[in-house]
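Undergrad: Can you read through this structure? Questions will come right after.
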Amino acid sequence: MFRSGFDRLKTYFRDYRLLGSGLVVAIVILVSVLAPLITSSDPNALNAQHRLEGPSTDFLLGTDSFGRDLFSRLVYGARLSLTVSLGSVIIGCLIGTTIGLVSGYSGGMTSLLLMRVVDLLLAFPTILSALFIIAFVGTSVTTLIITIGILFIPEFARIVHSSVLAVRELDYVSASRTIGNSNFRIAVRTILPNILAPIAVQFSMALGGAMILESSLSFLGLGPPPPASSWGRMISDASAFLRVSAFGLIWPAIAISLSVLAFNILGDAIRDRLDPRLRQ
Amino acid sequence: MTRQHSINEATQKMIDRRTAMKIGAGSTLAASGFLTSQGKTSVVRAQEPAAGGTLRYGAVRDMSVFDPHASGGISNSWVIGNIYDKLVTFDEVGGFVGELAASFEQKDDLTYHFELRDGVTFHNGEPFTAADVVATINRIQDPATQAVNLDTASNIAEVDVVDDLTFNIVLKELDLAFLFTLASDTFYIISEANADATYETPDNYNGTGPFTLESWEPQRAFNLVKHSGYWKPNQPYLDRVEIMPIIDDGARVDGLLSGELDLIEYVPWQSFEIVEAAGAQLFPSNGLQSYLRLNPHEEPLINKPLRQAISYIINRSDVNEIAFGGKGIPMTGSLQPQDSQFYVAEFDGRYEQNLERAAELIKEAGYDSPADVPVIDFQVSTSALSQQPAQVIQQQLQEFGLQLNFRTIEVATLLENRANGTYTLHMDGGGMSWPDPDYLRSYFHTTDGTSYAIGVKYSNPDLDQLLEEGMDTTDVEERKAIYRDAEEIILDDCPMIFILWRAQAEAAASNLRGYYALPNGLETYRVDHFEELWFEG
């Protein structure tokens, strides 16, 4: 038993995509959690004497136009980006999965209605809907999480709905029904565990998407209010000074690209792992 | 001709104008010291202007309002101002010169006499006469036009036409700023035949200006071509002008440096050195302010000692250093530009950062510590011009222990909140409505304070009285005393907290000749003198 588990672990490690993307995701998570231990300097401290400097021993990655430490802002920016994307994807996943499960399992008119509403939501470009909602409720971390979360509901609902349809008529579901389990129990205890794979894949992909959305909104000045450090905001702050110093833009751009790429590759790799048809 | 010579000549010109304007507005303004020459921008003509060429101009935004008398913002004047002319305009030292008026003279407090230029024609060939001026004033006075100058024009009692080229304007009440109104970028002279034209689009334009509108494309370009019958001899030198809206500041600067543009509006301070290093010409000014608006009817700013404490906590030099690269001028005291004779030197340093004094005032305001002060809602627009200083101020206030709720909001919402007074603390900026201490009236007077007081219902009867006295007084020494007292009240009451005179500039390609920026204090006026521009080599 131990032996086979170890072998399995070894195959995971042989999958370089999984290993590489998993490593990047792990680093982002670690940096976010341990932010105060990683950097001792205040990410919001202004310094009129050290504006727009390049990397040095005092400022590892240089400073921005306010003289703030870019390394420290990048580290705390990771925390914020991850909080927002994780929070919003959890919201989107919970509500979306519930809708998908109800609609897929119950079928009929309920399904028709729910899915039309979901289609309606899917029809709007996400960034436009986000701008619309935020224009009404204002900017803060909480509203950002809720807004982005709402925008991820339709995708989860669609995927869960289709997955439920695929397993609904399978023998183990019929068996569960035959022994007299309640609908709730069948949906949650029988169907849900069997469609976790596509949900997990979507979860990882959505994290990347949420991160981009958060950065875009912050870039447009609609993210968490200053002085909160966010990668998108760092880019927009730096863009005005691009000709003077490009560091303020390069670091968060690398951070966003790498993290989003990692979340997407991780999603792909998990899907390939979990899908027996794609397994060699 | 040496540079020194040319500056002396400019000064000489100004003195001539001083003696020419003996009474009323003329003497007050010309002697006010606002209208000083910026040596850097004075025009030295080393060679004969060369004719021909196309000027490509990068404006900060597209035109959305096309009416020559309605407000469309400063960017409009680059298009409309080169198609139309005004009665009077500014020269490069900020003095008044006749444009369509060959000469003008203030005869008494209420009467202005004008002689018009002979031989001026509109673009469609009609001759220009006094009847066109009457039609223009009638159109501006019609509330349906929604003209910017409706209020000031309503003060015109009558236009007394002597003959085709001579008329007098008689005012109802003394208006020290009347010539500024005539020179503003929304007092363009239209033709009488065109008086009923509408301006949903710019297709009905018919002016006397140096260029005519050939074609336009929203969001892309306004193409102007030379008006061959223009009244100034040999001008315009340029064959064509293309005015393009380029909203991104960086893209505009890049366009100039790469040679795709010849002249650009608004260069942000962080690009000053880059523009100069590339050999382009920079025309900087310090005439616009950054300030905080405080709502004296909203908790907790209802508390005057707290408002004063905020002013003491702010380190204006650091704001200047961090948000404006040290290129602005901190306003620790007087609210007038330093080169104005109304500048009150005794107020210098009054609001230098003083954290001890701030701590005392917080106690005086009834709070044990800064942390006990309720959270202050802080509204800031998405524009970098507000965001940058606002973030520095936020950091300074928070380091002191005050709590702020920093909210970034869209410009449209912000303007609405400003007009309705629905804000607590608000980062903003702006220019003087005209280069005179009377500009304070447009902020703080109970009924004239369109830029602040009306919105938040601010009212201080003592201040109102002083601002009204200042408006009606022509003696400079008396006015100095009046505005000193007015500033004392404003600095003590802190309805608004003035941070600094910020720096901004326009820039031109190295081979463009004839451009100049107006002196400080005239930022909200524009000289749209593209007819004088030409390319060297």
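We name chains A, B, ... following the order of the structure tokens; residues begin at 1 in each chain, and ligands are numbered from 1 as shown.
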Mind running chain B against chain A at 10 Å and telling me each contacting residue's nearest atom pair with the distance in Å (one decimal), counting only C-alpha atoms, chain and number ascending, as JSON lines?

TA:
{"residue": "B:Asp248", "atom": "CA", "partner": "A:Ala240", "partner_atom": "CA", "distance": 9.4}
{"residue": "B:Asp249", "atom": "CA", "partner": "A:Ala240", "partner_atom": "CA", "distance": 7.8}
{"residue": "B:Gly250", "atom": "CA", "partner": "A:Ala240", "partner_atom": "CA", "distance": 6.7}
{"residue": "B:Asp254", "atom": "CA", "partner": "A:Arg243", "partner_atom": "CA", "distance": 9.6}
{"residue": "B:Pro268", "atom": "CA", "partner": "A:Ala240", "partner_atom": "CA", "distance": 8.7}
{"residue": "B:Gln270", "atom": "CA", "partner": "A:Phe241", "partner_atom": "CA", "distance": 6.7}
{"residue": "B:Ser271", "atom": "CA", "partner": "A:Arg243", "partner_atom": "CA", "distance": 7.9}
{"residue": "B:Glu273", "atom": "CA", "partner": "A:Val244", "partner_atom": "CA", "distance": 9.4}
{"residue": "B:Ile274", "atom": "CA", "partner": "A:Arg243", "partner_atom": "CA", "distance": 7.8}
{"residue": "B:Ser317", "atom": "CA", "partner": "A:Ala48", "partner_atom": "CA", "distance": 9.6}
{"residue": "B:Asp318", "atom": "CA", "partner": "A:Ala48", "partner_atom": "CA", "distance": 6.5}
{"residue": "B:Val319", "atom": "CA", "partner": "A:Ala48", "partner_atom": "CA", "distance": 8.8}
{"residue": "B:Asn320", "atom": "CA", "partner": "A:Ala48", "partner_atom": "CA", "distance": 9.4}
{"residue": "B:Glu321", "atom": "CA", "partner": "A:Ala48", "partner_atom": "CA", "distance": 6.2}
{"residue": "B:Ile322", "atom": "CA", "partner": "A:Phe66", "partner_atom": "CA", "distance": 5.5}
{"residue": "B:Ala323", "atom": "CA", "partner": "A:Phe66", "partner_atom": "CA", "distance": 7.2}
{"residue": "B:Phe324", "atom": "CA", "partner": "A:Ser65", "partner_atom": "CA", "distance": 9.7}
{"residue": "B:Gly325", "atom": "CA", "partner": "A:Ser65", "partner_atom": "CA", "distance": 8.9}
{"residue": "B:Gly326", "atom": "CA", "partner": "A:Ala48", "partner_atom": "CA", "distance": 9.6}
{"residue": "B:Ser381", "atom": "CA", "partner": "A:Gly221", "partner_atom": "CA", "distance": 9.1}
{"residue": "B:Thr382", "atom": "CA", "partner": "A:Gly221", "partner_atom": "CA", "distance": 6.1}
{"residue": "B:Ser383", "atom": "CA", "partner": "A:Gly221", "partner_atom": "CA", "distance": 9.0}
{"residue": "B:Ala384", "atom": "CA", "partner": "A:Asp237", "partner_atom": "CA", "distance": 8.5}
{"residue": "B:Gln387", "atom": "CA", "partner": "A:Pro226", "partner_atom": "CA", "distance": 9.0}
{"residue": "B:Gln388", "atom": "CA", "partner": "A:Phe66", "partner_atom": "CA", "distance": 8.4}
{"residue": "B:Pro389", "atom": "CA", "partner": "A:Phe66", "partner_atom": "CA", "distance": 9.9}
{"residue": "B:Ala390", "atom": "CA", "partner": "A:Pro226", "partner_atom": "CA", "distance": 9.4}
{"residue": "B:Gln391", "atom": "CA", "partner": "A:Pro227", "partner_atom": "CA", "distance": 6.7}
{"residue": "B:Val392", "atom": "CA", "partner": "A:Leu46", "partner_atom": "CA", "distance": 7.5}
{"residue": "B:Gln394", "atom": "CA", "partner": "A:Pro227", "partner_atom": "CA", "distance": 8.2}
{"residue": "B:Gln395", "atom": "CA", "partner": "A:Leu46", "partner_atom": "CA", "distance": 7.7}
{"residue": "B:Gln396", "atom": "CA", "partner": "A:Leu46", "partner_atom": "CA", "distance": 9.0}
{"residue": "B:Glu399", "atom": "CA", "partner": "A:Ala45", "partner_atom": "CA", "distance": 9.3}
{"residue": "B:Asn405", "atom": "CA", "partner": "A:Pro225", "partner_atom": "CA", "distance": 8.3}
{"residue": "B:Phe406", "atom": "CA", "partner": "A:Pro225", "partner_atom": "CA", "distance": 5.9}
{"residue": "B:Arg407", "atom": "CA", "partner": "A:Pro225", "partner_atom": "CA", "distance": 6.2}
{"residue": "B:Thr408", "atom": "CA", "partner": "A:Pro225", "partner_atom": "CA", "distance": 6.8}
{"residue": "B:Ile409", "atom": "CA", "partner": "A:Gly138", "partner_atom": "CA", "distance": 7.7}
{"residue": "B:Glu410", "atom": "CA", "partner": "A:Ala135", "partner_atom": "CA", "distance": 8.0}
{"residue": "B:Thr413", "atom": "CA", "partner": "A:Ala135", "partner_atom": "CA", "distance": 9.4}

Undergrad: List the spatial neighbours of stretch 187-194 of chain A as a CSV table (one decimal) with all heavy atoms, in the first residue's frame - criterion: any atom at most 9 Å away, only C-alpha atoms, same-chain residues fewer than 5 positions off excluded.

TA:
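Everything below was put into part17.csv:
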chain,number,residue,atom,x,y,z
A,101,LEU,N,-25.7,22.1,-9.5
A,101,LEU,CA,-26.1,20.8,-9.0
A,101,LEU,C,-27.6,20.8,-9.0
A,101,LEU,O,-28.2,19.8,-9.4
A,101,LEU,CB,-25.6,20.7,-7.5
A,101,LEU,CG,-25.3,19.4,-7.0
A,101,LEU,CD1,-24.3,18.6,-7.9
A,101,LEU,CD2,-24.6,19.5,-5.6
A,102,VAL,N,-28.3,21.8,-8.5
A,102,VAL,CA,-29.7,21.9,-8.4
A,102,VAL,C,-30.3,21.7,-9.8
A,102,VAL,O,-31.2,20.9,-10.1
A,102,VAL,CB,-30.2,23.2,-7.8
A,102,VAL,CG1,-31.7,23.3,-8.0
A,102,VAL,CG2,-29.8,23.2,-6.3
A,105,TYR,N,-29.5,18.2,-11.5
A,105,TYR,CA,-30.1,17.1,-10.9
A,105,TYR,C,-31.7,17.1,-11.1
A,105,TYR,O,-32.3,16.1,-11.3
A,105,TYR,CB,-29.8,17.0,-9.4
A,105,TYR,CG,-30.3,15.8,-8.7
A,105,TYR,CD1,-29.8,14.5,-9.1
A,105,TYR,CD2,-31.3,15.8,-7.8
A,105,TYR,CE1,-30.3,13.4,-8.5
A,105,TYR,CE2,-31.9,14.7,-7.2
A,105,TYR,CZ,-31.3,13.5,-7.6
A,105,TYR,OH,-31.8,12.4,-7.0
A,160,VAL,N,-20.7,22.5,-13.7
A,160,VAL,CA,-21.3,21.5,-12.8
A,160,VAL,C,-22.5,21.0,-13.4
A,160,VAL,O,-22.8,19.8,-13.4
A,160,VAL,CB,-21.5,22.2,-11.4
A,160,VAL,CG1,-22.3,21.2,-10.5
A,160,VAL,CG2,-20.2,22.6,-10.8
A,163,SER,N,-21.6,18.4,-16.0
A,163,SER,CA,-21.1,17.2,-15.3
A,163,SER,C,-22.2,16.4,-14.7
A,163,SER,O,-22.1,15.1,-14.7
A,163,SER,CB,-20.0,17.6,-14.3
A,163,SER,OG,-19.1,18.5,-14.8
A,164,VAL,N,-23.1,17.0,-14.0
A,164,VAL,CA,-24.2,16.3,-13.4
A,164,VAL,C,-25.0,15.6,-14.4
A,164,VAL,O,-25.3,14.4,-14.2
A,164,VAL,CB,-25.1,17.3,-12.6
A,164,VAL,CG1,-26.3,16.6,-12.0
A,164,VAL,CG2,-24.3,18.0,-11.5
A,167,VAL,N,-23.4,12.3,-15.2
A,167,VAL,CA,-23.4,11.1,-14.3
A,167,VAL,C,-24.8,10.8,-13.7
A,167,VAL,O,-24.9,9.7,-13.1
A,167,VAL,CB,-22.4,11.4,-13.1
A,167,VAL,CG1,-21.0,11.7,-13.6
A,167,VAL,CG2,-22.9,12.6,-12.3
A,168,ARG,N,-25.8,11.7,-14.0
A,168,ARG,CA,-27.1,11.5,-13.3
A,168,ARG,C,-27.7,10.1,-13.5
A,168,ARG,O,-28.3,9.6,-12.7
A,168,ARG,CB,-28.0,12.6,-13.9
A,168,ARG,CG,-29.3,12.8,-13.1
A,168,ARG,CD,-30.0,14.0,-13.5
A,168,ARG,NE,-30.5,13.9,-14.9
A,168,ARG,CZ,-31.3,14.8,-15.4
A,168,ARG,NH1,-31.7,15.8,-14.8
A,168,ARG,NH2,-31.8,14.6,-16.7
A,172,TYR,N,-24.5,3.9,-10.4
A,172,TYR,CA,-24.4,4.1,-8.9
A,172,TYR,C,-25.4,5.2,-8.4
A,172,TYR,O,-25.8,5.2,-7.3
A,172,TYR,CB,-22.9,4.5,-8.5
A,172,TYR,CG,-22.3,5.7,-9.2
A,172,TYR,CD1,-22.6,6.9,-8.7
A,172,TYR,CD2,-21.5,5.6,-10.3
A,172,TYR,CE1,-22.0,8.1,-9.3
A,172,TYR,CE2,-21.0,6.7,-10.9
A,172,TYR,CZ,-21.2,7.9,-10.4
A,172,TYR,OH,-20.7,9.0,-11.0
A,173,VAL,N,-25.8,6.1,-9.3
A,173,VAL,CA,-26.8,7.1,-8.9
A,173,VAL,C,-28.2,6.4,-8.8
A,173,VAL,O,-28.9,6.5,-7.8
A,173,VAL,CB,-26.9,8.3,-9.9
A,173,VAL,CG1,-27.9,9.3,-9.4
A,173,VAL,CG2,-25.5,8.9,-10.0
A,176,SER,N,-28.2,4.4,-5.7
A,176,SER,CA,-28.4,5.2,-4.5
A,176,SER,C,-29.9,5.6,-4.4
A,176,SER,O,-30.5,5.7,-3.3
A,176,SER,CB,-27.6,6.5,-4.6
A,176,SER,OG,-27.8,7.4,-3.5
A,182,SER,N,-32.5,10.3,0.0
A,182,SER,CA,-33.2,11.6,-0.3
A,182,SER,C,-32.4,12.2,-1.5
A,182,SER,O,-31.3,12.0,-1.7
A,182,SER,CB,-33.2,12.5,0.9
A,182,SER,OG,-31.9,13.0,1.1

Undergrad: From the list B:Gly333, B:Pro245, B:Gly229, B:Pro374, which residue is nearest B:Asn124 when using only C-alpha atoms?

TA: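 Checking each of B:Gly333, B:Pro245, B:Gly229, B:Pro374 against B:Asn124, counting only C-alpha atoms, the winner is B:Gly229.
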
Undergrad: Can you tell me which residues surround A:Ala166 at a distance of at most 10 Å, considering only C-alpha atoms, apart from same-chain residues fewer than 4 positions away, and format the answer as a ChimeraX atom specification?

TA: /A:104,160-162,170,195

Undergrad: Would you list the contacts of B:Asp472 as a ChimeraX atom specification, taking every protein, DNA or RNA residue within 12 Å and counting only C-alpha atoms, but skipping same-chain residues closer than 3 positions in sequence?

TA: /B:24-25,28,109,173-177,438,465-469,475-476,478-479,482

Undergrad: Based on DSSP run over this structure's backbone, return all residues of stretch 198-252 of chain A in alpha helix (DSSP H), as a count of residues only.

TA: 37
